[in-house]
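Heads up: the structure comes next, in structure tokens.
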Amino acid sequence: MTAVEMLREVPVAVDPRGGAPRRPARWREVLGAALRRPGLVLSVLVLLLVLGWAFAPSWFTSGDPYTGVPRDKLTPPGAQYWFGTDHLGRDLYTRVVYGASLSLKATAIAVAVGFVVGTLVGLVSGFVGGRFDGVVMRLVDVLLSIPGLLLSLAVVTALGFGTVNVAIAVGVASVASFARVMRADVFRARTEVFVEAATVSGVGRAEILVRHVLPHALGSVLVLAALEFGGAILAVSALSFLGFGAPPPEPEWGALVSEGRNYLASAWWLTTLPGFVVAASVLAANRISRALDRDGGDRW
Amino acid sequence: MSRRSALANGGYGRYLARRAVQGVFVLWAAFTLSFVVLYLMPSDPVSIMLNATGDGVGVDPAAVAALRAEHHLDSPLVVQYLFALGDAVRGDFGTSIPTGEPVSRLIAEALPQTLQLTALSFVLAVVFGGGLALLSTSTGWRPLRQALLSLPPLGVSVPTFWVGLILLQVFSFRAQLFPATGNAGFPALVLPAITLAVPTGAVFAQVLAKNLAAAWRSPYVETARAKGLGRTRIQLRHALRNGSIPVLTIIGITVGQMLAGAVVVETVFSRNGIGRLTEESVAAQDIPVIQGLVVLSALVFVLVNLVVDAIYPLVDPRIGRLERRRVARTEEVPA
Amino acid sequence: MSKRVSGRSAQRALVEISGLQVGYATRSGVVGAVEGVDLTVAPGEVVALVGESGSGKSTTAHAVIGLLPGSARIGAGSIRFAGQELVGLREKELDAVRGRRIGFVPQDPGVSLNPVKRIGEQVAETLRAHGLATRAEAAEEALRVLERAGLPDPELRARQYPHELSGGMKQRVLIGIALSCGPELVIADEPTSALDVTVQRRILDHLEERTRTTGTAVLLITHDLAVAADRADRVVVLRHGRVVEQGPAAQVLVDPREEYTKTLIAAAPTLTSPRLRPEREPVGEPVLQVDGLRKQFPETLAVDDVSFAVRPGETYGLIGESGSGKSTVARLVLRLEDLTAGRIAVRGADVTGLRGRALRELRRRVQLVYQNPYSSLDPRFTVEQAVAQPAKAFGMGDKASRRRQVAELLDRVALPADTIDRRAGELSGGQRQRVAIARALILEPEIVVLDEPVSALDVSVQDQILRLLVDLQTERGLAYLFISHDFAVVRQIADTVGVLRAGRLVEQGPAERVLHRPEHPFTRELLDAVPGRRPEGDLTADVTADLAESPGVVS
């Protein structure tokens with residue numbers, strides 16, 4: 001007997017009135033659950049902060065990301081310049097804050113491209129099935145055999161450089177995994193007993209797709225989207241680091257780290273701090289996606 | 001097709017042959033795909049190519065014509081594609097636009113450096129990723145387990161270029177233990193290999209730890225515990241073998257990702273290699289080289305997976321031994 | 001059966017559990033699974049721990065051998081084994097007891113052997129771990145263990161991997177491992193519930209024979225009272241983590257003192273318990289007529305030339321073991337699977353080739369209830385949505401009238417009125433099965449296919465659902481195609497019985513005739529394997545009479 005089966009031996013506490021738990025109790029539960037998972041709470045806060053930077057940078061800094069104070073160039077982090085300054089005396093913190101909108105915009109586009117295209121392909125392929133599905137999935141396998149970063153680089157070569165093109169390229173590289181997960185879920189949902197039960201009840205194909213298959217399939221694709229969010233931040237910043245993103249004065253996160261490379265020996269903060277922001281954002285996004293996955297898994 | 005069903009239709013040899021044919025298909029498809037992306041995009045490849053060499057102003061019509069002729073761009077698309085495919089089968093991916101050198105030679109020159117790098121990081125990833133997973137599932141001390149298990153998610157979240165630069169700062173500039181750049185000898189290989197091993201090792205650790213934990217929850221481990229076997233013995237003899245089967249299946253994809261990761265790592269450490277070649281070719285929009293590199297990565301993926309497929313039945317007896325199984329069925333006695 | 005002498009109260013107990021409390025840590029605090037269990041097992045004695053799901057029987061057994069899952073905590077109590085306290089022992093100290101002095105036979109042999117290790121190694125490592133043999137000796141000894149386990153050609157078996165053995169053979173290996181070090185006690189946790197009845201009987205016989213010759217005590221965990229009656233000297237009935245009743249098997253099963261035990265015994269179907277409704281001679285034109293049904297899957301012929309008819313108000317019981325093709329027959333009849341050959345007629349009209357709209361119309365007349373009510377209802381749906389769905393699909397009535405209809409049906413299947421707005425996920429297994437039945441009835445079908453409708457449920461719930469089905473049939477004149485692996489269940493309600501083996505119908509006829517005068521040897525084998533009627537005797541004899549007469553139950 002496995003542990004899971006053993007847990008079934010636990011008598012289920014049944015509410016005698018048979019109703020849903022009362023509201024306040026639920027809120028307290030949520031709060032309690034949050035306190036038991038401090039990492040998750042921190043992740044949400046980090047992501048909210050970064051989103052805040054992206055949407056309203058002027059609330060977080062009064063400086064100008066493009067013009068610096070030459071006299072203060074290469075100042076280490078301190079009370080005046082939290083993240084220090086670069087070789088032109090620009091405030092690094094301000095540049096990171098303003099860079100958030102570029103980097104997150106690219107990330108959002110990338111995830112959207114992968115999600116929309118991949119999910120549609122997977123949905124149609126999984127629901128139509130047969131030969132069509134075979135061909136589509138072979139194509140997906142081939143896409144998966146090429147490493148994502150290399151595929152993105154190939155697309156960037158064809159499309160040209162720039163933030164949006166980098167975003168599209170990163171999105172294209174994730175289409176295959178979205179398609180695969182979506183199709184697998186559609187397949188799994190299609191073989192659920194309750195879906196067959198609906199067929200036996202005389203429910204039509206379209207209604208089964210909308211009422212039973214889609215709601216069950218969407219869950220894990222959304223989890224993947226959350227996971228891809230972290231992956232896309234990484235990929236976008238890597239391409240930007242390589243110099244294929246927005247041209248120089250723009251404070252894209254990857255580009256900031258790249259600019260700092262020339263001062264590696266003398267100004268550690270120029271590479272370390274923007275890189276840290278990237279790492280923290282990815283870590284937060286991944287942590288949240290894992291939490292979504294766990295909760296989703298519990299529901300069934 | 002799953003390995004199991006592939007094997008159900010024939011013996012080991014036919015199983016491998018089928019896998020090899022599938023591999024050839026993947027190569028062809030990767031070539032076709034890269035052709036479509038690189039040559040059929042709305043942008044005009046010739047102007048991209050010439051723009052990359054010059055400044056794009058006052059393009060020489062003769063050069064345009066020569067380039068068009070060389071790439072059969074005046075012919076219908078299908079003809080262009082068939083010419084390119086025919087050349088590729090013979091290992092000819094054309095010539096680099098800025099340097100005029102054959103793509104195949106550029107790749108062949110860069111490959112050994114990158115192979116050294118990926119081989120060393122692969123070993124590091126397996127040793128440290130596997131060790132971490134084993135240690136975290138072996139220890140009964142909760143804080144240590146939690147600490148160890150929090151490392152892999154960290155490893156997959158940190159940007160490779162950032163890890164590389166921090167290692168450079170600490171070990172080359174501060175401690176001056178390793179050279180900062182270049183290809184000279186083993187010391188120059190250490191930091192890049194560690195950098196490249198971080199994400200891969202983290203993935204190995206995550207997958208292995210997850211599957212070891214699943215094995216520990218499985219009924220056959222309960223049987224082993226009921227036999228009175230000790231923890232270590234169960235870990236090594238029962239959990240590890242089952243837990244590493246899924247790791248085997250992701251090796252193909254992982255090696256491909258290391259190849260792609262080399263783009264960033266070789267740039268950070270200014271090493272020559274496939275990654276550096278990729279970075280320079282993208283910067284110069286050197287389409288023939290890029291296509292050659294895409295096909296190369298597909299080839300690596302196919303070869304690694306062939307090796308994995310070949311050893312898979314040896315690790316998981318449920319795949320294979322078909323004849324024996326048939327014998328067992330016919331001999332089956334009422335229990 | 002020759003039960004072992006028990007009641008040797010003067011003798012010192014081998015296992016002595018007192019005041020045992022085990023709880024599981026969950027998100028909402030610790031939930032008790034075992035709440036103060038007292039229990040003893042004398043040397044050489046067979047004690048059956050009987051209970052429904054959630055009774056704590058498995059948890060108790062796992063506590064004895066120190067194999068509780070990580071979230072479980074022993075809150076209080078003591079477990080003494082041959083005078084030694086096991087609670088609080090360190091893993092290393094427990095390892096010396098497990099396998100060596102206490103053997104363990106798991107529930108599902110299919111997943112309880114390591115899939116990537118040879119059988120021989122898995123047997124030998126037990127001996128080596130306890131220092132009973134060197135590497136070379138262990139390999140030799142393993143062959144003897146396999147031979148004693150009744151496996152032909154032990155050399156071959158030792159070289160094989162688990163997937164190359166059948167379920168019964170694997171369970172023999174596991175019993176062999178459990179006994180290999182000559183333990184004083186064997187804990188068998190539902191050792192046959194994952195196996196077919198015919199295999200179940202052989203395995204239990206084997207276990208009994210082996211432990212009797214070695215004088216090993218057995219703690220047998222089972223949900224099946226009949227198995228307990230057949231095999232145990234003493235029976236301990238558990239409910240909600242507490243001992244309800246315990247005593248010699250004959251006394252507890254023949255003359256139970258506690259109300260709960262009485263209900264359990266009454267609910268458990270046997271070959272001799274009264275039918276839920278009298279058998280009727282089927283009359284009239286068949287509602288469902290199946291001729292020469294055949295289904296070829298790529299690798300197997302699942303159904304081969306099956307013909308039968310179901311008449312109005314009749315219950316046709318289709319019996320078979322796993323892999324016999326009985327569920328495939330159900331799916332073919334419902335046209336969920338395309339048949340390879342044959343003809344299916346509903347009220348004389350051929351429905352074999354129906355497609356599209358016409359096939360949908362067929363659904364109004366033929367409905368299905370699945371085995372597992374946990375998977376057959378969409379967890380996102382409310383009960384109202386689930387039950388009303390077929391009516392909605394056929395555009396019957398408006399929302400309000402459908403809700404009224406659902407409410408009436410829920411009342412009819414004896415569900416409280418407030419169930420209508422709850423989600424399937426909040427209901428118990430029995431309640432869900434009632435919902436599933438209500439859904440099958442909303443279209444007022446003529447035929448309902450019942451695919452193992454009670455086998456996922458506890459006996460007491462099982463009995464209630466069977467009674468409900470019988471009432472509904474009488475009231476609505478439904479024809480049932482009742483598919484089951486359990487002869488005891490089928491004979492309670494079927495008028496006609498068909499026995500399916502490897503896709504072929506080996507025998508069919510009136511239920512009582514098949515039961516009393518089976519013509520095919522396989523039917524006889526199936527009947528003999530049904531637990532709860534040992535020793536071999538008159539089929540009509542009452543099970544309780546069996547027990548009272550069986551010698552040596554009480555010394």
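Scheme for the structure tokens: letters A, B, ... for chains in order shown; per-chain residue numbers from 1; ligand numbers from 1 in order shown.
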
Using only C-alpha atoms, select each residue of chain C with any atom at most 9 Å away from an atom of chain B, and give the selection as a PyMOL selection string.
-> chain C and resi 65-67+69+91-92+94-100+102-109+111-117+122+125-127+129-130+150-152+160-172+174+177-178+199+202-203

Check: which chain A residues lie within 6 Å of chain B using only C-alpha atoms, as a VMD selection string | chain A and resid 2 142 145 to 147 149 to 150 157 to 158 234 265 275 279 282 to 283

Per-residue nearest contacts of chain C to chain A (8 Å; only C-alpha atoms) as CSV:
residue,atom,partner,partner_atom,distance
C:Tyr24,CA,A:Val10,CA,7.3
C:Val31,CA,A:Val10,CA,6.6
C:Gly32,CA,A:Val10,CA,6.8
C:Ala33,CA,A:Val10,CA,5.2
C:Ser53,CA,A:Glu9,CA,5.9
C:Gly54,CA,A:Glu9,CA,3.7
C:Ser55,CA,A:Glu9,CA,6.5
C:Gly56,CA,A:Glu9,CA,5.9
C:Ser58,CA,A:Met6,CA,7.2
C:Thr59,CA,A:Met6,CA,6.9
C:Leu68,CA,A:Ala3,CA,7.9
C:Pro69,CA,A:Ala3,CA,5.4
C:Pro106,CA,A:Met1,CA,6.7
C:Gln107,CA,A:Met1,CA,5.8
C:Asp108,CA,A:Met1,CA,7.3
C:Asp189,CA,A:Met1,CA,7.7
C:His240,CA,A:Pro11,CA,7.1
C:Leu334,CA,A:Val200,CA,7.6
C:Leu336,CA,A:Val200,CA,7.9
C:Arg360,CA,A:Gly202,CA,5.2
C:Glu361,CA,A:Gly202,CA,7.4
C:Arg363,CA,A:Gly202,CA,5.7
C:Arg364,CA,A:Gly202,CA,7.4
C:Gln367,CA,A:Val200,CA,6.7
C:Leu368,CA,A:Val200,CA,7.1
C:Ser375,CA,A:Val193,CA,5.7
C:Ser376,CA,A:Phe194,CA,4.1
C:Leu377,CA,A:Phe194,CA,5.0
C:Asp378,CA,A:Phe194,CA,5.5
C:Pro379,CA,A:Trp300,CA,7.5
C:Gln389,CA,A:Ser201,CA,7.3
C:Pro390,CA,A:Ser201,CA,4.7
C:Ala393,CA,A:Val203,CA,5.1
C:Phe394,CA,A:Gly202,CA,7.1
C:Ala440,CA,A:Ser201,CA,7.7

Spatial neighbours of C:Leu362, max dist 9 Å, only C-alpha atoms, sep filter under 3 positions, as a list in words =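 Using only C-alpha atoms, the neighbours found are Gly202 of chain A; Leu334, Val346, Val351, Leu354, Arg357, Ala358, Leu359, Arg365 and Val366 of chain C.
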
Please produce a file of the residues just selected, as a short mmCIF file (atom, residue, chain, number, x, y, z; two decimals), in the first residue's frame, where the atoms kept are C-alpha atoms.
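Written out: part35.cif:
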data_model
loop_
_atom_site.label_atom_id
_atom_site.label_comp_id
_atom_site.auth_asym_id
_atom_site.auth_seq_id
_atom_site.Cartn_x
_atom_site.Cartn_y
_atom_site.Cartn_z
CA GLY A 202 -25.51 12.25 -26.00
CA LEU C 334 -22.87 1.19 -26.19
CA VAL C 346 -32.17 -2.66 -29.76
CA VAL C 351 -27.95 -0.35 -34.41
CA LEU C 354 -25.39 3.84 -36.63
CA ARG C 357 -27.27 11.87 -35.23
CA ALA C 358 -28.81 8.40 -35.23
CA LEU C 359 -26.11 7.18 -32.85
CA ARG C 365 -32.35 4.33 -24.98
CA VAL C 366 -29.07 2.82 -23.74
#

Per DSSP on the backbone, filter stretch 238-428 of chain C down to the residues in alpha helix (DSSP H) and report them as a ChimeraX atom specification.
-> /C:249-254,259-267,326-333,356-363,383-393,399-412

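Every protein, DNA or RNA residue with an atom at most 7 Å from C:Ala456, where only C-alpha atoms count and chain neighbours fewer than 2 positions away do not, is listed here: C:Gln371, C:Asn372, C:Val454.
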
Could you please take those selected residues and save N, CA, C and O atoms as a tab-separated table (two decimals), in the first residue's frame?
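Once written, part-v9.tsv looks like this:
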chain	number	residue	atom	x	y	z
C	371	GLN	N	-17.81	1.99	-13.31
C	371	GLN	CA	-17.29	1.39	-12.08
C	371	GLN	C	-16.88	2.44	-11.07
C	371	GLN	O	-17.20	2.36	-9.90
C	372	ASN	N	-16.11	3.41	-11.56
C	372	ASN	CA	-15.49	4.32	-10.62
C	372	ASN	C	-16.18	5.67	-10.61
C	372	ASN	O	-15.99	6.47	-11.51
C	454	VAL	N	-20.48	-1.51	-8.40
C	454	VAL	CA	-20.28	-1.46	-6.94
C	454	VAL	C	-18.90	-1.91	-6.51
C	454	VAL	O	-18.59	-1.90	-5.33

Near stretch 248-264 of chain A, within 10 Å and counting only C-alpha atoms, which residues show up once chain neighbours fewer than 5 positions away are dropped, as a ChimeraX atom specification?
-> /A:65-67,74,86-87,92,94-104,106,163,233-243,269-278 /B:159,161-162,165-166,168-169,173,268

From the set B:Ile194, B:Thr114, B:Leu134, B:Ala17, which residue has the shortest atom-to-atom contact distance to B:Ile234, counting only C-alpha atoms?
->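 Of all the options, B:Leu134 lies closest to B:Ile234.
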
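Here atom CA of C:Phe81 and atom CA of C:Glu16 stand 6.5 Å from one another.
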